[in-house]
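Trainee: Handing you this structure, nothing more for now.
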Amino acid sequence: MLYESGPCLVVNKPPGVLTQAPPGIDSLEQRIKDFLAAREGLAPPVYLGVPHRLDRPASGAMVFARHPRATRRLADQFEARSVEKTYWACVAGAVEPAEGTWRDFLRKIPDRPQAEVVDASHPEGREAVLHYRTIGTTPYGSLLEITLETGRTHQIRIQAASRGHPLLGDAQYGSRIAFGAQTEDVRERAIALHARRIAFRHPATREAVSVVAPVPVPVAWGAVGVEG
């Protein structure tokens with residue numbers, strides 16, 4: 001737990017864990033519900049609102065809510081794009097220029113857990129905008145700090161990969177460099193994408209909240225020279 005205040009909590013999601021899943025399948029949502037039930041002696045079902053998601057192989061800060069009103073208020077902030085989200089990403093190669101903005105149109109591929117870049121005229125294309133700056137180098141390429149204007153499916157992953165800079169460990173988008181433990185189940189493997197910071201208005205007090213998440217697998221990040 002990184003932060004807890006009233007109906008609002010922020011957790012550092014480990015990589016390889018689903019944000020949500022059907023009953024009986026491991027997920028961060030269920031882990032938090034089990035923790036709250038054990039800590040407070042609550043009988044199931046335990047309510048937990050999930051106003052946003054992180055890709056399964058990614059890690060980092062996620063905000064949750066403990067009652068429906070707080071969930072709705074947080075969800076409204078995400079829909080209004082007023083939540084500030086900063087990511088760290090280790091990508092292959094040297095990104096040039098060292099700082100800039102990427103604008104694309106992305107399409108979710110039907111019946112596949114994957115997205116692709118399409119022409120602006122494509123009827124299913126949705127604009128994707130992010131801003132990046134290089135904050136370090138690794139033996140394999142660049143360490144980027146990224147802020148999102150939009151939140152499209154696999155946005156950071158596909159925008160980086162389409163420019164020849166796939167995230168380390170992200171074989172789905174062309175990476176040939178392993179990142180972290182190579183588990184037998186490929187779905188449990190990490191990619192070098194970490195939600196470093198999240199900032200929002202507290203759903204009850206309206207006060208500004210900013211939470212920074214340390215990298216949850218220091219061995220993996222340390223192997224590429226990143227601490228934090």
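Here's how to read the names in the structure tokens: chain A, B, ... by the order shown, residue numbers from 1 in each chain, ligand numbers from 1 in the order shown.
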Counting only C-alpha atoms, what are the residues of stretch 6-89 of chain A within 10 Å of stretch 122-144 of chain A, and for each of them which pair of atoms is the nearest and at what distance in Å, to one decimal? Sort the table by chain and rising number, as a Markdown table.
Mentor:
```
| residue | atom | partner | partner_atom | distance |
| --- | --- | --- | --- | --- |
| A:Thr86 | CA | A:Tyr132 | CA | 9.6 |
| A:Tyr87 | CA | A:Leu144 | CA | 8.0 |
| A:Trp88 | CA | A:Leu144 | CA | 5.7 |
| A:Ala89 | CA | A:Leu144 | CA | 5.2 |
```
Trainee: Fewer than 4 positions away in the same chain doesn't count, so skip those; otherwise give me all residues within 8 Å of A:Gly228, counting only C-alpha atoms, as a list in words.
Mentor: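 The neighbour list is Pro214, Val215 and Pro218 of chain A.
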Trainee: Would you output that residue set with C-alpha atoms, as a CSV table (one decimal), in the first residue's frame?
Mentor:
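Saved to out-v2.csv:
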```
chain,number,residue,atom,x,y,z
A,214,PRO,CA,9.2,2.7,-6.4
A,215,VAL,CA,10.0,0.0,-9.0
A,218,PRO,CA,14.4,-3.9,-8.2
```
Trainee: Identify all residues of stretch 86-136 of chain A in strand (DSSP E or B) (DSSP on the backbone) and supply them as an MDAnalysis selection string.
Mentor: chainID A and resid 86:93 99:108 115:118 126:136
Trainee: Write the selection just made, keeping C-alpha atoms, as a PDB file, in the first residue's frame?
Mentor:
```
ATOM      1  CA  THR A  86       3.868   9.609 -15.336  1.00  0.00           C
ATOM      2  CA  TYR A  87       5.556   6.434 -16.552  1.00  0.00           C
ATOM      3  CA  TRP A  88       9.074   5.083 -16.756  1.00  0.00           C
ATOM      4  CA  ALA A  89       9.933   2.935 -19.757  1.00  0.00           C
ATOM      5  CA  CYS A  90      13.178   1.245 -20.774  1.00  0.00           C
ATOM      6  CA  VAL A  91      13.230   0.985 -24.544  1.00  0.00           C
ATOM      7  CA  ALA A  92      15.643  -0.451 -27.084  1.00  0.00           C
ATOM      8  CA  GLY A  93      17.955   1.988 -28.813  1.00  0.00           C
ATOM      9  CA  GLU A  99      12.600  14.903 -25.789  1.00  0.00           C
ATOM     10  CA  GLY A 100       9.392  15.292 -27.741  1.00  0.00           C
ATOM     11  CA  THR A 101       5.783  14.367 -28.455  1.00  0.00           C
ATOM     12  CA  TRP A 102       4.446  11.325 -30.274  1.00  0.00           C
ATOM     13  CA  ARG A 103       1.109  11.585 -32.060  1.00  0.00           C
ATOM     14  CA  ASP A 104      -0.506   8.621 -33.769  1.00  0.00           C
ATOM     15  CA  PHE A 105      -3.853   7.052 -34.501  1.00  0.00           C
ATOM     16  CA  LEU A 106      -4.300   3.642 -32.897  1.00  0.00           C
ATOM     17  CA  ARG A 107      -6.765   0.848 -33.466  1.00  0.00           C
ATOM     18  CA  LYS A 108      -7.564  -2.084 -31.196  1.00  0.00           C
ATOM     19  CA  ALA A 115      -3.264  -2.550 -30.965  1.00  0.00           C
ATOM     20  CA  GLU A 116      -1.788  -1.128 -34.149  1.00  0.00           C
ATOM     21  CA  VAL A 117      -0.988   2.228 -35.698  1.00  0.00           C
ATOM     22  CA  VAL A 118      -3.384   3.230 -38.486  1.00  0.00           C
ATOM     23  CA  ARG A 126      -8.331   7.007 -32.202  1.00  0.00           C
ATOM     24  CA  GLU A 127      -5.776   9.746 -31.616  1.00  0.00           C
ATOM     25  CA  ALA A 128      -2.995   8.868 -29.180  1.00  0.00           C
ATOM     26  CA  VAL A 129      -0.708  11.548 -27.756  1.00  0.00           C
ATOM     27  CA  LEU A 130       2.163  11.246 -25.304  1.00  0.00           C
ATOM     28  CA  HIS A 131       5.099  13.389 -24.255  1.00  0.00           C
ATOM     29  CA  TYR A 132       8.491  11.909 -23.411  1.00  0.00           C
ATOM     30  CA  ARG A 133      11.951  12.899 -22.285  1.00  0.00           C
ATOM     31  CA  THR A 134      15.074  10.807 -21.941  1.00  0.00           C
ATOM     32  CA  ILE A 135      16.168  10.689 -18.304  1.00  0.00           C
ATOM     33  CA  GLY A 136      18.892   8.066 -18.585  1.00  0.00           C
TER      34      GLY A 136
END
```
Trainee: Within 9 Å of A:Gln114, counting only C-alpha atoms, which residues qualify if same-chain residues fewer than 2 places away don't, as a list in words?
Mentor: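 Residues near the query, excluding close chain neighbours: Arg107, Lys108, Ile109, Pro110, Asp111, Arg112, Glu116, Thr153, His154, Ile158, Gln172 and Tyr173 of chain A.
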Trainee: Against stretch 10-29 of chain A, which residues of stretch 120-193 of chain A fall within 6 Å? For each one I want the closest pair of atoms and the distance in Å (one decimal), counting only C-alpha atoms, rows by chain and increasing residue number, as a Markdown table.
Mentor:
```
| residue | atom | partner | partner_atom | distance |
| --- | --- | --- | --- | --- |
| A:Glu188 | CA | A:Gly16 | CA | 3.9 |
| A:Arg189 | CA | A:Gly16 | CA | 5.4 |
| A:Ala190 | CA | A:Pro15 | CA | 5.2 |
```
Trainee: DSSP on the backbone, then: every residue of stretch 150-180 of chain A marked helix (DSSP H, G or I), written as number ranges by chain.
Mentor: A: 155-161, 171-173
Trainee: Let's have the selection written as an mmCIF file, in the first residue's frame, with C-alpha atoms.
Mentor:
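Output saved as again15.cif:
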```
data_model
loop_
_atom_site.group_PDB
_atom_site.id
_atom_site.type_symbol
_atom_site.label_atom_id
_atom_site.label_comp_id
_atom_site.auth_asym_id
_atom_site.auth_seq_id
_atom_site.Cartn_x
_atom_site.Cartn_y
_atom_site.Cartn_z
ATOM 1 C CA GLN A 155 -0.506 3.156 -26.102
ATOM 2 C CA ILE A 156 3.057 3.566 -24.814
ATOM 3 C CA ARG A 157 4.008 0.085 -25.993
ATOM 4 C CA ILE A 158 2.818 0.454 -29.580
ATOM 5 C CA GLN A 159 3.903 4.079 -30.028
ATOM 6 C CA ALA A 160 7.449 3.238 -28.918
ATOM 7 C CA ALA A 161 7.623 -0.019 -30.884
ATOM 8 C CA ALA A 171 7.850 -9.592 -27.155
ATOM 9 C CA GLN A 172 4.266 -8.875 -28.186
ATOM 10 C CA TYR A 173 5.507 -5.691 -29.844
#
```
Trainee: Could you check which of A:Val217, A:Val46, A:Met1, A:Ala70 is closest to A:Pro203, using only C-alpha atoms?
Mentor: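 Closest to A:Pro203 of all the choices is A:Ala70.
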Trainee: Tell me, as a list in words, which residues lie within 6 Å of stretch 51-55 of chain A, counting only C-alpha atoms; anything in the same chain fewer than 2 positions away does not count.
Mentor: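 My list of contacting residues is Pro57, Ala58 and Ala75 of chain A.
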Trainee: Record the distance separating atom CA of A:His194 and atom CA of A:Ala61, expressed in Å with one decimal.
Mentor: 8.1 Å
Trainee: So, with only C-alpha atoms as the atoms that count, which of A:Pro7, A:Ser162, A:Gly225, A:Ile191 lies closest to A:Arg176?
Mentor: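 Nearest candidate to A:Arg176 out of A:Pro7, A:Ser162, A:Gly225, A:Ile191: A:Ile191.
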Trainee: Tell me which protein, DNA and RNA residues are within 10 Å of A:His202, counting only C-alpha atoms, leaving out same-chain ones fewer than 3 positions away, and put them as a list in words.
Mentor: Ser5, Gly6, Pro7, Cys8, Leu9, Ala70, Arg73, Leu74, Ala199, Thr205, Arg206, Glu207, Ala208, Val209 and Ser210 of chain A
